[in-house]
$ cat my_file08.tsv   # TSV, C-alpha atoms and all ligand atoms
chain	number	residue	atom	x	y	z
A	118	MET	CA	38.84	90.60	89.21
A	119	SER	CA	40.63	92.82	86.80
A	120	HIS	CA	42.51	89.86	85.43
A	121	SER	CA	39.60	88.64	83.36
A	122	GLY	CA	38.25	92.05	82.58
A	123	THR	CA	39.97	92.60	79.25
A	124	THR	CA	37.48	93.07	76.47
A	125	GLY	CA	39.86	93.20	73.57
A	126	GLY	CA	39.45	89.51	72.86
A	127	GLN	CA	41.98	86.88	73.72
A	128	PRO	CA	43.76	85.81	70.56
A	129	GLY	CA	44.78	82.20	70.55
A	130	PRO	CA	48.54	82.62	70.60
A	131	GLN	CA	48.51	85.00	73.54
A	132	ARG	CA	49.60	82.93	76.49
A	133	THR	CA	51.01	85.56	78.73
A	134	THR	CA	47.83	86.52	80.56
A	135	ASP	CA	46.68	84.54	83.54
A	136	ARG	CA	42.93	84.41	83.41
A	137	ALA	CA	42.57	83.03	86.90
A	138	PRO	CA	41.48	85.63	89.44
A	139	ALA	CA	44.04	86.73	91.97
A	140	PRO	CA	44.00	84.40	94.98
A	141	SER	CA	42.28	85.97	97.95
A	142	GLU	CA	43.21	83.42	100.61
A	143	PRO	CA	46.66	83.23	102.24
A	144	ALA	CA	47.28	79.58	101.40
A	145	ARG	CA	46.28	79.96	97.76
A	146	ALA	CA	48.36	83.08	97.43
A	147	TYR	CA	51.39	81.26	98.78
A	148	THR	CA	50.81	78.31	96.48
A	149	GLU	CA	50.60	80.68	93.54
A	150	LEU	CA	53.83	82.37	94.50
A	151	VAL	CA	55.71	79.10	94.90
A	152	ALA	CA	54.38	77.89	91.56
A	153	GLY	CA	55.75	80.99	89.87
A	154	ASN	CA	59.12	80.51	91.50
A	155	ARG	CA	59.20	76.94	90.27
A	156	ARG	CA	58.57	78.09	86.71
A	157	PHE	CA	61.45	80.54	87.09
A	158	VAL	CA	63.76	77.87	88.51
A	159	ASP	CA	62.87	75.48	85.72
A	160	GLY	CA	63.60	78.08	83.07
A	161	ALA	CA	59.98	77.98	81.93
A	162	PRO	CA	58.54	81.36	82.97
A	163	ARG	CA	55.15	82.37	81.56
A	164	HIS	CA	55.59	86.10	82.22
A	165	PRO	CA	51.93	86.44	83.21
A	166	ASN	CA	50.21	89.79	83.35
A	167	GLN	CA	52.91	91.66	81.49
A	168	ASP	CA	51.02	92.29	78.25
A	169	ALA	CA	49.44	95.54	77.10
A	170	GLY	CA	45.92	94.25	77.66
A	171	HIS	CA	46.59	93.49	81.29
A	172	ARG	CA	48.38	96.78	81.75
A	173	ALA	CA	45.22	98.57	80.66
A	174	ALA	CA	43.00	96.29	82.72
A	175	VAL	CA	44.74	97.08	86.00
A	176	ALA	CA	45.11	100.81	85.42
A	177	ASP	CA	41.94	101.54	87.38
A	178	GLY	CA	42.89	99.63	90.49
A	179	GLN	CA	45.21	97.10	92.01
A	180	HIS	CA	44.55	93.89	93.90
A	181	PRO	CA	48.00	92.41	94.53
A	182	PHE	CA	47.85	88.95	96.06
A	183	ALA	CA	51.14	89.22	97.95
A	184	VAL	CA	53.25	91.82	99.68
A	185	ILE	CA	56.96	91.21	99.31
A	186	VAL	CA	59.21	92.67	101.98
A	187	GLY	CA	62.50	91.90	100.33
A	188	CYS	CA	66.16	92.76	100.37
A	189	SER	CA	67.14	95.43	97.85
A	190	ASP	CA	69.78	93.16	96.35
A	191	SER	CA	69.71	93.65	92.59
A	192	ARG	CA	69.52	89.91	92.02
A	193	LEU	CA	66.28	89.60	93.95
A	194	ALA	CA	63.77	91.19	91.56
A	195	ALA	CA	60.42	89.98	92.86
A	196	GLU	CA	58.36	89.86	89.67
A	197	ILE	CA	61.13	87.97	87.91
A	198	ILE	CA	61.88	85.32	90.51
A	199	PHE	CA	58.19	84.67	91.19
A	200	ASP	CA	57.25	84.92	87.50
A	201	ARG	CA	54.50	87.48	88.00
A	202	GLY	CA	53.46	90.71	86.33
A	203	LEU	CA	51.72	94.04	86.76
A	204	GLY	CA	49.34	94.31	89.69
A	205	ASP	CA	50.38	91.00	91.26
A	206	LEU	CA	52.93	91.94	93.91
A	207	PHE	CA	53.15	94.89	96.28
A	208	VAL	CA	56.88	95.18	96.77
A	209	VAL	CA	58.77	96.92	99.57
A	210	ARG	CA	62.54	96.55	99.49
A	211	THR	CA	65.29	97.72	101.78
A	212	ALA	CA	68.85	96.52	102.23
A	213	GLY	CA	68.61	93.45	104.44
A	214	HIS	CA	64.77	93.67	104.44
A	215	THR	CA	64.93	95.87	107.49
A	216	ALA	CA	61.46	96.87	108.63
A	217	GLY	CA	61.25	100.48	109.81
A	218	PRO	CA	58.12	102.64	110.07
A	219	GLU	CA	57.76	103.29	106.33
A	220	VAL	CA	58.01	99.60	105.60
A	221	LEU	CA	55.44	98.78	108.27
A	222	GLY	CA	53.13	101.46	106.94
A	223	SER	CA	53.46	100.15	103.41
A	224	VAL	CA	52.66	96.61	104.53
A	225	GLU	CA	49.66	97.84	106.49
A	226	TYR	CA	48.42	99.78	103.47
A	227	ALA	CA	48.51	96.67	101.29
A	228	VAL	CA	46.88	94.44	103.90
A	229	THR	CA	44.14	96.81	105.03
A	230	VAL	CA	43.36	99.00	102.02
A	231	LEU	CA	44.17	96.61	99.19
A	232	GLY	CA	43.15	93.46	101.06
A	233	THR	CA	46.34	91.58	100.22
A	234	PRO	CA	46.19	88.13	101.85
A	235	LEU	CA	49.90	87.31	102.10
A	236	VAL	CA	53.06	89.01	103.32
A	237	VAL	CA	56.36	87.43	102.32
A	238	VAL	CA	59.71	88.35	103.83
A	239	LEU	CA	62.27	87.65	101.13
A	240	GLY	CA	65.89	87.21	102.15
A	241	HIS	CA	68.72	85.45	100.40
A	242	ASP	CA	72.00	83.66	100.87
A	243	SER	CA	75.20	85.72	101.10
A	244	CYS	CA	73.20	88.83	102.02
A	245	GLY	CA	75.57	91.82	101.98
A	246	ALA	CA	73.56	93.74	104.56
A	247	VAL	CA	73.78	90.88	107.03
A	248	GLN	CA	77.48	90.48	106.32
A	249	ALA	CA	78.07	94.21	106.80
A	250	ALA	CA	76.24	94.15	110.13
A	251	ARG	CA	78.26	91.16	111.20
A	252	GLU	CA	81.51	92.92	110.33
A	253	ALA	CA	80.48	96.10	112.12
A	254	ALA	CA	79.56	94.12	115.20
A	255	ALA	CA	82.80	92.12	115.11
A	256	THR	CA	85.07	95.10	114.65
A	257	GLY	CA	83.11	97.65	116.65
A	258	THR	CA	83.21	100.12	113.77
A	259	ARG	CA	80.40	102.38	112.67
A	260	PRO	CA	79.83	102.70	108.94
A	261	PRO	CA	79.39	106.24	107.57
A	262	GLY	CA	76.26	108.11	106.66
A	263	HIS	CA	72.92	106.41	107.19
A	264	LEU	CA	74.33	102.90	106.95
A	265	PRO	CA	74.15	102.42	110.72
A	266	ALA	CA	70.36	102.41	110.38
A	267	VAL	CA	70.65	99.21	108.36
A	268	VAL	CA	73.31	97.70	110.60
A	269	ASP	CA	71.39	98.48	113.77
A	270	ALA	CA	68.24	96.90	112.37
A	271	VAL	CA	70.10	93.66	111.70
A	272	LEU	CA	71.89	93.50	115.07
A	273	PRO	CA	69.01	91.86	116.99
A	274	SER	CA	69.10	89.02	114.47
A	275	LEU	CA	72.85	88.64	114.96
A	276	ARG	CA	72.40	88.41	118.71
A	277	ARG	CA	69.64	85.86	118.28
A	278	ALA	CA	71.78	83.78	115.92
A	279	GLU	CA	74.64	83.87	118.39
A	280	ALA	CA	72.35	82.76	121.20
A	281	GLU	CA	71.17	79.87	119.05
A	282	GLY	CA	74.72	78.88	118.13
A	283	VAL	CA	74.25	79.73	114.46
A	284	GLN	CA	77.52	80.91	112.93
A	285	ASP	CA	77.45	80.44	109.16
A	286	ILE	CA	76.27	83.42	107.18
A	287	ASP	CA	73.36	81.66	105.49
A	288	GLY	CA	72.18	80.28	108.81
A	289	ILE	CA	72.29	83.80	110.18
A	290	VAL	CA	70.31	84.98	107.17
A	291	ASP	CA	67.61	82.42	108.00
A	292	VAL	CA	67.49	83.72	111.56
A	293	HIS	CA	67.25	87.27	110.25
A	294	ILE	CA	64.36	86.32	107.98
A	295	ALA	CA	62.50	84.69	110.87
A	296	GLN	CA	63.30	87.71	113.03
A	297	THR	CA	61.89	90.05	110.36
A	298	VAL	CA	58.65	88.03	110.29
A	299	GLU	CA	58.39	88.45	114.05
A	300	THR	CA	59.24	92.14	113.81
A	301	LEU	CA	56.47	92.77	111.32
A	302	LEU	CA	53.93	91.01	113.51
A	303	GLY	CA	55.27	92.45	116.74
A	304	GLN	CA	55.45	96.03	115.52
A	305	SER	CA	52.19	96.04	113.61
A	306	PRO	CA	49.05	95.19	115.59
A	307	VAL	CA	47.17	95.87	112.37
A	308	LEU	CA	49.01	93.06	110.60
A	309	ALA	CA	48.86	90.75	113.61
A	310	GLY	CA	45.12	91.32	113.78
A	311	ALA	CA	44.63	90.43	110.14
A	312	VAL	CA	46.63	87.25	110.68
A	313	ALA	CA	44.64	86.37	113.80
A	314	GLN	CA	41.45	86.74	111.78
A	315	GLY	CA	42.76	84.46	109.07
A	316	ARG	CA	42.67	87.20	106.47
A	317	CYS	CA	46.42	87.25	106.04
A	318	ALA	CA	49.53	85.16	106.63
A	319	VAL	CA	53.19	86.07	106.95
A	320	VAL	CA	55.86	83.80	105.48
A	321	GLY	CA	59.63	84.18	105.52
A	322	VAL	CA	61.50	82.64	102.62
A	323	SER	CA	65.15	82.42	101.74
A	324	TYR	CA	66.21	82.73	98.11
A	325	ARG	CA	69.29	81.04	96.70
A	326	LEU	CA	71.06	83.33	94.30
A	327	ALA	CA	72.55	80.62	92.11
A	328	ALA	CA	69.67	78.16	92.04
A	329	GLY	CA	66.91	80.77	91.98
A	330	GLU	CA	64.67	78.89	94.34
A	331	VAL	CA	62.96	79.97	97.53
A	332	ARG	CA	62.73	77.90	100.70
A	333	ALA	CA	60.33	78.57	103.54
A	334	VAL	CA	62.07	79.54	106.76
A	335	ALA	CA	59.21	80.73	108.95
A	336	ALA	CA	55.46	81.13	108.69
A	337	VAL	CA	52.56	82.46	110.71
A	338	PRO	CA	50.34	80.50	110.82
A	339	ALA	CA	52.88	77.68	110.79
A	340	GLY	CA	50.89	75.28	108.64
A	341	LEU	CA	51.27	77.41	105.57
A	342	THR	CA	54.79	76.25	104.79
A	343	THR	CA	53.69	72.65	104.50
A	344	LEU	CA	52.29	73.78	101.18
A	345	ASP	CA	55.82	74.45	100.05
A	346	ALA	CA	56.32	72.22	97.09
A	347	ASP	CA	59.90	71.49	98.00
A	348	PRO	CA	59.83	68.23	99.95
A	349	ALA	CA	63.41	68.82	101.02
A	350	ALA	CA	62.38	71.88	102.98
A	351	PRO	CA	60.99	70.83	106.34
A	352	ALA	CA	59.20	73.55	108.24
A	353	ALA	CA	61.71	75.29	110.43
A	354	ALA	CA	61.18	77.22	113.58
A	401	ZN	ZN	70.61	91.16	100.85

$ encode --input "my_file08.tsv" --output "structure tokens" --more "lines below"
Ligand SMILES: [Zn+2]
Amino acid sequence: MSHSGTTGGQPGPQRTTDRAPAPSEPARAYTELVAGNRRFVDGAPRHPNQDAGHRAAVADGQHPFAVIVGCSDSRLAAEIIFDRGLGDLFVVRTAGHTAGPEVLGSVEYAVTVLGTPLVVVLGHDSCGAVQAAREAAATGTRPPGHLPAVVDAVLPSLRRAEAEGVQDIDGIVDVHIAQTVETLLGQSPVLAGAVAQGRCAVVGVSYRLAAGEVRAVAAVPAGLTTLDADPAAPAAA
């Protein structure tokens, strides 16, 4: 609603502001996100909602249309890869998109207080956190400091990948993304309830560092990923 609330006049040449209201349904939110990623991949970003007028318009309140639970990797900047701007995305990032209590609380805040209709788990190929966990598990070593918290959070995904016969790192990443989707829903009855009521959806996507594109890996409800514009990405488990 705040998108169209600018009163300063819209000069003709200004093309950076999306006038469409933020999508309030899960499917539309996902479509919007994928469309932004496609602009980024194509090298034709619009940089919506990054102008001074929009900055002022959203100062009084936020209505982000998607929560991003992403890896902290510096090459995974959410607003850039989805071509969005201020007030669009509620972003929570940890190494390896591990989902501890603060992450769950942040997601629940966005979904319940802000009414955000979509939660996206954003992982990527060659994820260092997944690789580090794999190394620690293989060698039986414990990394120093608080790093074991990250490693331990990834271990269930490693075990699941092993049980499924998945051995390549990017396949393991996909498993970890799907596992994170399940963790969010399993650990947060609040989120699961919103999904059951159709007010929210949870999608796991994998980002390719070189190509810049996202590919759906998991979704609840499952039908949402069929909206993925990439015909080469069949809905996975
Ligand atoms: Zn990563």

$ closest_residue --input "my_file08.tsv" --among "A:Arg332, A:Arg192, A:Arg251, A:Arg276" --to "ligand ZN 401 (chain A)" --atoms "all atoms listed in the file"
A:Arg192

$ residues_near_point --input "my_file08.tsv" --point "(50.6, 85.6, 98.8)" --cutoff "10 Å" --atoms "all atoms listed in the file" --output "JSON, numbers by chain"
{"A": [139, 140, 141, 142, 143, 144, 145, 146, 147, 148, 149, 150, 151, 181, 182, 183, 184, 185, 205, 206, 207, 233, 234, 235, 236, 237, 317, 318, 319, 320]}

$ residues_near_ligand --input "my_file08.tsv" --ligand "ligand ZN 401 (chain A)" --cutoff "8 Å" --atoms "all atoms listed in the file" --output "list of chain:residue names"
A:Cys188, A:Ser189, A:Asp190, A:Ala212, A:Gly213, A:His214, A:Gly240, A:His241, A:Asp242, A:Ser243, A:Cys244, A:Gly245, A:Ala246, A:Val247

$ write_last_selection --input "my_file08.tsv" --atoms "C-alpha atoms" --output "mmCIF file, in the frame of the given file"
data_model
loop_
_atom_site.group_PDB
_atom_site.id
_atom_site.type_symbol
_atom_site.label_atom_id
_atom_site.label_comp_id
_atom_site.auth_asym_id
_atom_site.auth_seq_id
_atom_site.Cartn_x
_atom_site.Cartn_y
_atom_site.Cartn_z
ATOM 1 C CA CYS A 188 66.160 92.760 100.370
ATOM 2 C CA SER A 189 67.140 95.430 97.850
ATOM 3 C CA ASP A 190 69.780 93.160 96.350
ATOM 4 C CA ALA A 212 68.850 96.520 102.230
ATOM 5 C CA GLY A 213 68.610 93.450 104.440
ATOM 6 C CA HIS A 214 64.770 93.670 104.440
ATOM 7 C CA GLY A 240 65.890 87.210 102.150
ATOM 8 C CA HIS A 241 68.720 85.450 100.400
ATOM 9 C CA ASP A 242 72.000 83.660 100.870
ATOM 10 C CA SER A 243 75.200 85.720 101.100
ATOM 11 C CA CYS A 244 73.200 88.830 102.020
ATOM 12 C CA GLY A 245 75.570 91.820 101.980
ATOM 13 C CA ALA A 246 73.560 93.740 104.560
ATOM 14 C CA VAL A 247 73.780 90.880 107.030
#

$ axis_aligned_box --input "my_file08.tsv" --around "stretch 203-208 of chain A" --padding-each-side "8 Å" --output "lines of an AutoDock Vina configuration file"
center_x = 53.1
center_y = 93.1
center_z = 91.8
size_x = 23.5
size_y = 20.2
size_z = 26.0

$ atom_distance --input "my_file08.tsv" --atom1 "atom CA of A:Val334" --atom2 "atom CA of A:Val292"
8.4 Å

$ atom_distance --input "my_file08.tsv" --atom1 "atom CA of A:Gly232" --atom2 "atom CA of A:Arg316"
8.3 Å

$ residues_near_point --input "my_file08.tsv" --point "(61.5, 95.8, 110.3)" --cutoff "7 Å" --atoms "only C-alpha atoms" --output "ChimeraX atom specification"
/A:215-217,220,297,300-301

$ closest_residue --input "my_file08.tsv" --among "A:Ala255, A:Ala280, A:Val158, A:Ile294" --to "A:Val186" --atoms "only C-alpha atoms"
A:Ile294

$ residues_around --input "my_file08.tsv" --residues "A:Gly321" --least-positions-apart "6" --cutoff "7 Å" --atoms "all atoms listed in the file" --output "short mmCIF file (atom, residue, chain, number, x, y, z; two decimals) with C-alpha atoms, keeping the file's coordinate frame"
data_model
loop_
_atom_site.label_atom_id
_atom_site.label_comp_id
_atom_site.auth_asym_id
_atom_site.auth_seq_id
_atom_site.Cartn_x
_atom_site.Cartn_y
_atom_site.Cartn_z
CA VAL A 237 56.36 87.43 102.32
CA VAL A 238 59.71 88.35 103.83
CA LEU A 239 62.27 87.65 101.13
CA ILE A 294 64.36 86.32 107.98
CA ALA A 295 62.50 84.69 110.87
CA VAL A 298 58.65 88.03 110.29
CA ALA A 333 60.33 78.57 103.54
CA VAL A 334 62.07 79.54 106.76
CA ALA A 335 59.21 80.73 108.95
CA ALA A 336 55.46 81.13 108.69
#

$ atom_distance --input "my_file08.tsv" --atom1 "atom CA of A:Tyr226" --atom2 "atom CA of A:Gly170"
26.5 Å

$ closest_residue --input "my_file08.tsv" --among "A:Gly222, A:Gly153, A:Gly204, A:Gly160" --to "A:Gly178" --atoms "all atoms listed in the file"
A:Gly204

$ closest_residue --input "my_file08.tsv" --among "A:Thr211, A:Leu272, A:Thr229, A:Ala327" --to "A:His180" --atoms "only C-alpha atoms"
A:Thr229

$ build_atoms --input "my_file08.tsv" --residues "stretch 190-220 of chain A" --atoms "N, CA and C atoms" --output "CSV table (one decimal), in the frame of the given file"
chain,number,residue,atom,x,y,z
A,190,ASP,N,68.8,93.8,97.2
A,190,ASP,CA,69.8,93.2,96.4
A,190,ASP,C,69.3,93.1,94.9
A,191,SER,N,70.1,93.5,94.0
A,191,SER,CA,69.7,93.6,92.6
A,191,SER,C,69.4,92.3,91.9
A,192,ARG,N,69.8,91.2,92.6
A,192,ARG,CA,69.5,89.9,92.0
A,192,ARG,C,68.2,89.3,92.5
A,193,LEU,N,67.4,90.1,93.2
A,193,LEU,CA,66.3,89.6,94.0
A,193,LEU,C,65.0,90.2,93.4
A,194,ALA,N,64.9,90.5,92.1
A,194,ALA,CA,63.8,91.2,91.6
A,194,ALA,C,62.5,90.3,91.7
A,195,ALA,N,61.6,90.8,92.4
A,195,ALA,CA,60.4,90.0,92.9
A,195,ALA,C,59.6,89.5,91.7
A,196,GLU,N,59.2,90.3,90.8
A,196,GLU,CA,58.4,89.9,89.7
A,196,GLU,C,59.1,88.8,88.8
A,197,ILE,N,60.4,88.9,88.7
A,197,ILE,CA,61.1,88.0,87.9
A,197,ILE,C,61.2,86.6,88.6
A,198,ILE,N,61.6,86.6,89.9
A,198,ILE,CA,61.9,85.3,90.5
A,198,ILE,C,60.6,84.6,90.9
A,199,PHE,N,59.5,85.3,90.9
A,199,PHE,CA,58.2,84.7,91.2
A,199,PHE,C,57.3,84.6,89.9
A,200,ASP,N,57.9,85.0,88.8
A,200,ASP,CA,57.2,84.9,87.5
A,200,ASP,C,55.8,85.5,87.6
A,201,ARG,N,55.8,86.8,87.9
A,201,ARG,CA,54.5,87.5,88.0
A,201,ARG,C,54.6,88.8,87.2
A,202,GLY,N,53.5,89.5,87.2
A,202,GLY,CA,53.5,90.7,86.3
A,202,GLY,C,52.8,91.9,87.0
A,203,LEU,N,52.3,92.8,86.2
A,203,LEU,CA,51.7,94.0,86.8
A,203,LEU,C,50.5,93.8,87.7
A,204,GLY,N,50.5,94.4,88.8
A,204,GLY,CA,49.3,94.3,89.7
A,204,GLY,C,49.4,93.1,90.6
A,205,ASP,N,50.4,92.2,90.5
A,205,ASP,CA,50.4,91.0,91.3
A,205,ASP,C,51.0,91.2,92.6
A,206,LEU,N,52.1,91.9,92.7
A,206,LEU,CA,52.9,91.9,93.9
A,206,LEU,C,53.1,93.4,94.4
A,207,PHE,N,52.9,93.6,95.7
A,207,PHE,CA,53.2,94.9,96.3
A,207,PHE,C,54.5,94.8,97.0
A,208,VAL,N,55.5,95.5,96.4
A,208,VAL,CA,56.9,95.2,96.8
A,208,VAL,C,57.5,96.3,97.6
A,209,VAL,N,58.1,96.0,98.7
A,209,VAL,CA,58.8,96.9,99.6
A,209,VAL,C,60.2,96.3,99.8
A,210,ARG,N,61.2,97.1,99.4
A,210,ARG,CA,62.5,96.6,99.5
A,210,ARG,C,63.5,97.5,100.2
A,211,THR,N,64.2,97.0,101.1
A,211,THR,CA,65.3,97.7,101.8
A,211,THR,C,66.5,96.8,101.9
A,212,ALA,N,67.7,97.4,102.0
A,212,ALA,CA,68.8,96.5,102.2
A,212,ALA,C,68.7,95.7,103.5
A,213,GLY,N,68.8,94.4,103.3
A,213,GLY,CA,68.6,93.4,104.4
A,213,GLY,C,67.2,93.3,104.9
A,214,HIS,N,66.2,93.7,104.1
A,214,HIS,CA,64.8,93.7,104.4
A,214,HIS,C,64.5,94.2,105.9
A,215,THR,N,65.2,95.3,106.2
A,215,THR,CA,64.9,95.9,107.5
A,215,THR,C,63.6,96.5,107.5
A,216,ALA,N,62.9,96.5,108.6
A,216,ALA,CA,61.5,96.9,108.6
A,216,ALA,C,61.2,98.1,109.6
A,217,GLY,N,61.5,99.3,109.1
A,217,GLY,CA,61.2,100.5,109.8
A,217,GLY,C,59.8,100.9,109.6
A,218,PRO,N,59.5,102.1,110.1
A,218,PRO,CA,58.1,102.6,110.1
A,218,PRO,C,57.5,102.7,108.7
A,219,GLU,N,58.3,103.2,107.7
A,219,GLU,CA,57.8,103.3,106.3
A,219,GLU,C,57.4,101.9,105.7
A,220,VAL,N,58.3,101.0,106.1
A,220,VAL,CA,58.0,99.6,105.6
A,220,VAL,C,56.7,99.1,106.2
